[in-house]
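One file, upload01.csv, is given below (CSV, C-alpha atoms).
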chain,number,residue,atom,x,y,z
A,357,MET,CA,0.0,0.0,0.0
A,358,VAL,CA,1.3,3.4,-0.9
A,359,CYS,CA,0.3,6.7,0.7
A,360,GLY,CA,-1.9,7.7,-2.3
A,361,GLY,CA,-3.5,4.2,-2.6
A,362,PHE,CA,-7.1,3.2,-2.2
A,363,THR,CA,-6.8,2.0,1.4
A,364,CYS,CA,-4.9,5.1,2.4
A,365,SER,CA,-7.5,7.4,0.9
A,366,LYS,CA,-10.3,5.4,2.5
A,367,ASN,CA,-8.7,5.5,6.0
A,368,ALA,CA,-7.9,9.2,5.6
A,369,LEU,CA,-11.5,10.0,4.6
A,370,CYS,CA,-13.0,7.9,7.5
A,371,SER,CA,-10.7,9.6,10.0
A,372,LEU,CA,-11.6,13.1,8.7
A,373,ASN,CA,-15.3,12.3,9.0
A,374,VAL,CA,-14.8,11.2,12.6
A,375,VAL,CA,-13.1,14.5,13.3
A,376,TYR,CA,-16.1,16.3,11.6
A,377,MET,CA,-18.4,14.4,14.0
A,378,LEU,CA,-16.5,15.7,17.0
A,379,VAL,CA,-16.4,19.2,15.6
A,380,GLY,CA,-20.1,19.1,15.0
A,381,LEU,CA,-20.8,18.0,18.5
A,382,LEU,CA,-18.4,20.7,19.9
A,383,LEU,CA,-20.2,23.4,17.9
A,384,ILE,CA,-23.6,22.3,19.0
A,385,GLY,CA,-22.5,22.0,22.7
A,386,VAL,CA,-20.8,25.4,22.9
A,387,ALA,CA,-23.6,27.1,21.0
A,388,ALA,CA,-26.2,25.4,23.3
A,389,TRP,CA,-24.2,26.6,26.3
A,390,GLY,CA,-24.2,30.2,25.0
A,391,LYS,CA,-27.9,30.0,24.0
A,392,GLY,CA,-28.8,28.8,27.5
A,393,PHE,CA,-28.0,32.2,29.0
A,394,GLY,CA,-31.4,33.6,28.5
A,395,ILE,CA,-31.1,36.7,26.3
A,396,VAL,CA,-28.0,35.4,24.6
A,397,SER,CA,-30.4,33.2,22.6
A,398,SER,CA,-31.4,36.4,20.7
A,399,ILE,CA,-28.1,36.4,18.9
A,400,HIS,CA,-29.2,34.6,15.7
A,401,ILE,CA,-25.5,33.8,14.9
A,402,ILE,CA,-25.5,31.2,17.6
A,403,GLY,CA,-28.6,29.6,16.1
A,404,GLY,CA,-26.7,29.5,12.8
A,405,VAL,CA,-23.8,27.8,14.5
A,406,ILE,CA,-26.1,25.1,15.9
A,407,ALA,CA,-27.5,24.6,12.4
A,408,VAL,CA,-23.9,24.2,11.0
A,409,GLY,CA,-23.1,21.8,13.8
A,410,VAL,CA,-26.1,19.6,13.0
A,411,PHE,CA,-25.5,19.6,9.3
A,412,LEU,CA,-21.8,18.8,9.8
A,413,LEU,CA,-22.7,15.9,12.1
A,414,LEU,CA,-25.2,14.5,9.6
A,415,ILE,CA,-22.9,14.9,6.6
A,416,SER,CA,-20.0,13.3,8.4
A,417,ILE,CA,-22.2,10.2,9.0
A,418,VAL,CA,-23.1,10.1,5.3
A,419,GLY,CA,-19.4,10.5,4.4
A,420,LEU,CA,-18.3,7.8,6.8
A,421,ILE,CA,-20.8,5.3,5.4
A,422,GLY,CA,-19.9,6.3,1.8
A,423,ALA,CA,-16.2,5.9,2.5
A,424,LEU,CA,-16.6,2.5,4.2
A,425,ASN,CA,-18.7,1.2,1.3
A,426,HIS,CA,-17.1,3.2,-1.5
A,427,HIS,CA,-20.6,4.3,-2.5
A,428,GLN,CA,-20.5,6.5,-5.5
A,429,VAL,CA,-23.8,8.3,-5.0
A,430,MET,CA,-23.3,9.0,-1.3
A,431,LEU,CA,-19.8,10.3,-1.9
A,432,PHE,CA,-21.1,12.6,-4.7
A,433,PHE,CA,-23.8,14.1,-2.4
A,434,TYR,CA,-21.2,14.2,0.4
A,435,MET,CA,-18.9,16.4,-1.7
A,436,VAL,CA,-21.7,18.8,-2.8
A,437,ILE,CA,-23.2,19.2,0.7
A,438,LEU,CA,-19.8,19.5,2.4
A,439,PHE,CA,-18.8,22.3,0.1
A,440,LEU,CA,-22.1,24.1,0.9
A,441,VAL,CA,-21.5,23.6,4.6
A,442,PHE,CA,-18.0,25.1,4.1
A,443,LEU,CA,-19.4,28.3,2.6
A,444,PHE,CA,-22.1,28.7,5.3
A,445,GLN,CA,-19.7,27.8,8.1
A,446,PHE,CA,-17.0,30.2,6.8
A,447,GLY,CA,-19.5,33.0,6.8
A,448,VAL,CA,-21.0,32.3,10.2
A,449,SER,CA,-17.5,31.9,11.8
A,450,CYS,CA,-16.4,35.2,10.3
A,451,SER,CA,-19.6,36.8,11.7
A,452,CYS,CA,-18.9,35.4,15.2
A,453,LEU,CA,-15.4,36.8,15.2
A,454,ALA,CA,-16.4,40.2,13.6
A,455,ILE,CA,-19.2,41.1,16.0
A,456,ASN,CA,-17.9,43.5,18.6
A,457,GLN,CA,-19.1,44.4,22.1
A,458,GLY,CA,-20.9,47.5,20.9
A,459,GLN,CA,-23.0,45.4,18.4
A,460,GLN,CA,-23.6,42.9,21.2
A,461,VAL,CA,-24.9,45.7,23.5
A,462,LYS,CA,-27.3,46.9,20.8
A,463,LEU,CA,-28.6,43.4,20.3
A,464,LEU,CA,-29.1,42.9,24.0
A,465,ASN,CA,-30.8,46.3,24.4
A,466,ALA,CA,-33.2,45.7,21.5
A,467,THR,CA,-34.2,42.3,22.7
A,468,TRP,CA,-34.5,43.3,26.3
A,469,GLY,CA,-36.9,46.1,25.3
A,470,LEU,CA,-39.2,43.6,23.5
A,471,MET,CA,-39.4,41.4,26.6
A,472,SER,CA,-42.3,41.4,29.0
A,473,ASN,CA,-41.7,42.1,32.7
A,474,GLU,CA,-42.4,38.4,33.5
A,475,THR,CA,-39.7,37.3,31.0
A,476,ARG,CA,-37.2,39.7,32.4
A,477,VAL,CA,-37.8,38.6,35.9
A,478,GLY,CA,-37.4,35.0,34.8
A,479,VAL,CA,-34.0,35.8,33.2
A,480,GLU,CA,-32.9,37.7,36.3
A,481,ASN,CA,-33.8,34.8,38.6
A,482,LYS,CA,-32.0,32.3,36.3
A,483,LEU,CA,-28.8,34.3,36.2
A,484,SER,CA,-29.1,35.9,39.7
A,485,CYS,CA,-28.8,39.5,38.4
A,486,CYS,CA,-30.8,42.6,38.3
A,487,GLY,CA,-31.4,44.9,35.3
A,488,LEU,CA,-29.7,44.9,32.0
A,489,LEU,CA,-27.1,47.7,31.8
A,490,ASN,CA,-26.8,50.7,34.1
A,491,THR,CA,-26.2,53.4,31.5
A,492,THR,CA,-27.4,56.9,31.1
A,493,GLN,CA,-29.4,56.0,28.0
A,494,SER,CA,-31.4,53.3,29.8
A,495,GLN,CA,-31.3,54.6,33.4
A,496,GLU,CA,-35.1,54.8,33.8
A,497,GLN,CA,-35.6,51.3,32.4
A,498,PHE,CA,-32.8,50.0,34.6
A,499,ASN,CA,-34.3,51.5,37.8
A,500,GLU,CA,-37.7,50.0,37.0
A,501,ASP,CA,-36.1,46.5,36.4
A,502,VAL,CA,-34.2,46.7,39.7
A,503,LYS,CA,-37.4,47.6,41.5
A,504,LEU,CA,-39.2,44.5,40.1
A,505,CYS,CA,-36.2,42.2,40.4
A,506,GLN,CA,-36.7,39.1,42.5
A,507,ALA,CA,-33.3,37.5,42.0
A,508,PRO,CA,-31.6,35.6,44.9
A,509,CYS,CA,-28.7,38.1,44.8
A,510,LYS,CA,-31.0,40.9,45.8
A,511,VAL,CA,-31.2,39.5,49.3
A,512,THR,CA,-27.5,40.0,49.8
A,513,GLY,CA,-27.5,43.3,48.0
A,514,LEU,CA,-24.6,42.3,45.7
A,515,CYS,CA,-26.2,42.0,42.3
A,516,PHE,CA,-24.4,42.3,39.0
A,517,THR,CA,-26.2,43.6,36.0
A,518,CYS,CA,-27.6,40.9,33.6
A,519,GLY,CA,-26.0,42.7,30.7
A,520,ASP,CA,-22.5,42.4,32.0
A,521,MET,CA,-22.9,38.7,32.7
A,522,MET,CA,-24.5,38.0,29.3
A,523,LEU,CA,-21.8,40.0,27.5
A,524,GLN,CA,-19.1,38.0,29.2
A,525,HIS,CA,-20.6,34.6,28.3
A,526,ALA,CA,-21.6,35.8,24.8
A,527,ALA,CA,-18.0,37.0,24.1
A,528,GLU,CA,-16.6,33.7,25.2
A,529,ALA,CA,-19.1,31.6,23.2
A,530,LEU,CA,-18.6,33.7,20.0
A,531,LYS,CA,-14.8,33.6,20.3
A,532,ILE,CA,-14.8,29.8,20.7
A,533,LEU,CA,-17.4,29.2,18.0
A,534,GLY,CA,-15.7,31.6,15.5
A,535,GLY,CA,-12.2,30.2,16.1
A,536,VAL,CA,-13.1,26.5,15.9
A,537,GLY,CA,-15.5,27.0,13.0
A,538,LEU,CA,-13.1,29.0,11.0
A,539,PHE,CA,-10.2,26.6,11.5
A,540,PHE,CA,-12.2,23.5,10.6
A,541,SER,CA,-14.0,25.1,7.7
A,542,PHE,CA,-10.7,24.9,5.7
A,543,THR,CA,-10.4,21.2,6.5
A,544,GLU,CA,-13.8,20.7,4.7
A,545,ILE,CA,-12.1,21.7,1.4
A,546,LEU,CA,-9.6,18.9,2.1
A,547,GLY,CA,-12.6,16.6,2.7
A,548,VAL,CA,-14.1,17.5,-0.7
A,549,TRP,CA,-10.8,17.0,-2.5
A,550,LEU,CA,-10.2,13.7,-0.7
A,551,ALA,CA,-13.7,12.4,-1.4
A,552,ALA,CA,-13.4,13.3,-5.1
A,553,ARG,CA,-10.0,11.5,-5.3
A,554,TYR,CA,-11.2,8.5,-3.4
A,555,ARG,CA,-14.4,8.3,-5.5
A,556,ASN,CA,-12.4,7.9,-8.7
A,557,GLN,CA,-10.1,5.2,-7.4
A,558,LYS,CA,-10.5,1.5,-8.1
A,559,ASP,CA,-11.2,-0.9,-5.2
A,560,PRO,CA,-8.5,-3.6,-5.4
A,561,ARG,CA,-10.9,-6.1,-3.9
A,562,ALA,CA,-13.5,-5.5,-6.7
A,563,ASN,CA,-13.4,-6.7,-10.3
A,564,PRO,CA,-10.2,-5.2,-11.7
A,565,SER,CA,-12.0,-4.6,-15.1
A,566,ALA,CA,-14.7,-2.5,-13.4
A,567,PHE,CA,-14.3,1.3,-13.4
A,568,LEU,CA,-15.4,3.0,-10.2
Translate the structure described by the file into structure tokens.
Amino acid sequence: MVCGGFTCSKNALCSLNVVYMLVGLLLIGVAAWGKGFGIVSSIHIIGGVIAVGVFLLLISIVGLIGALNHHQVMLFFYMVILFLVFLFQFGVSCSCLAINQGQQVKLLNATWGLMSNETRVGVENKLSCCGLLNTTQSQEQFNEDVKLCQAPCKVTGLCFTCGDMMLQHAAEALKILGGVGLFFSFTEILGVWLAARYRNQKDPRANPSAFL
């Protein structure tokens, strides 16, 4: 067996798809962690990352089955879909890295303003915080939120603002998602090339006169 042989290509493609499975699970896990912090779920980029993770997980399963069976049709669809996932993942990852704190604050303020008082109280209780951001632009809203706040931290009198806590976790989630997604998006191009190469190779265990 040589490095560019049939078995080598098969093993490399199988290994790459196992890595894609792990990356898909990682993206889903980190995005779900970020989405779990109440108002952070309003950042639609995180929802896009979850979609990328799910598609990457599904397409890696298709690629793994196609590689093990040298299935022509599955490998073809694997290449096409993986390339589309690359384009989407590249765009979402760049968006995760490009969004700055000012844009995150605007998203949080806009979503917080659309929430009902009951929803805000629920978020405050979940994160043990009071109010969104104590700024001059939203001072009146902040004072009203603090008055209605029923978070456990209010008993001790040491409450952080929900906005500061959410921004911290959102920044961590976006940084991890953007970095991991961007790095592994380039390996998907390798996966497309490797699948195309493997698809056109002959299986030495099959009929030597058959072209695959």
Which stretch 474-546 of chain A residues have any atom within 12 Å of an atom of stretch 436-452 of chain A, and for each, what is the nearest pair of atoms with distance in Å to one decimal, counting only C-alpha atoms, rows sorted by chain and number, as a Markdown table?
| residue | atom | partner | partner_atom | distance |
| --- | --- | --- | --- | --- |
| A:Ala526 | CA | A:Cys452 | CA | 10.0 |
| A:Ala527 | CA | A:Cys452 | CA | 9.1 |
| A:Glu528 | CA | A:Cys452 | CA | 10.4 |
| A:Ala529 | CA | A:Cys452 | CA | 8.9 |
| A:Leu530 | CA | A:Cys452 | CA | 5.1 |
| A:Lys531 | CA | A:Cys452 | CA | 6.8 |
| A:Ile532 | CA | A:Cys452 | CA | 8.9 |
| A:Leu533 | CA | A:Ser449 | CA | 6.8 |
| A:Gly534 | CA | A:Ser449 | CA | 4.1 |
| A:Gly535 | CA | A:Ser449 | CA | 7.0 |
| A:Val536 | CA | A:Ser449 | CA | 8.1 |
| A:Gly537 | CA | A:Ser449 | CA | 5.4 |
| A:Leu538 | CA | A:Ser449 | CA | 5.3 |
| A:Phe539 | CA | A:Phe446 | CA | 9.0 |
| A:Phe540 | CA | A:Phe442 | CA | 8.9 |
| A:Ser541 | CA | A:Phe442 | CA | 5.4 |
| A:Phe542 | CA | A:Phe442 | CA | 7.5 |
| A:Thr543 | CA | A:Phe442 | CA | 8.9 |
| A:Glu544 | CA | A:Phe442 | CA | 6.1 |
| A:Ile545 | CA | A:Phe439 | CA | 6.9 |
| A:Leu546 | CA | A:Phe439 | CA | 10.0 |
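Omitting stretch 414-430 of chain A and its sequence neighbours fewer than 6 positions away, and counting all atoms listed in the file, the residues within 9 Å are Ser365, Lys366, Asn367, Leu369, Cys370, Ser371, Leu372, Asn373, Val374, Val375, Tyr376, Met377, Gly380, Ile437, Leu438, Ala551, Tyr554, Arg555, Asn556, Asp559 and Leu568 of chain A.
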Students should find that atom CA of A:Asn465 and atom CA of A:Glu496 are spaced 13.4 Å
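Shortest atom-to-atom contact with A:Val461 among A:Leu523, A:Cys485, A:Leu412, A:Leu514: A:Leu523, counting only C-alpha atoms.
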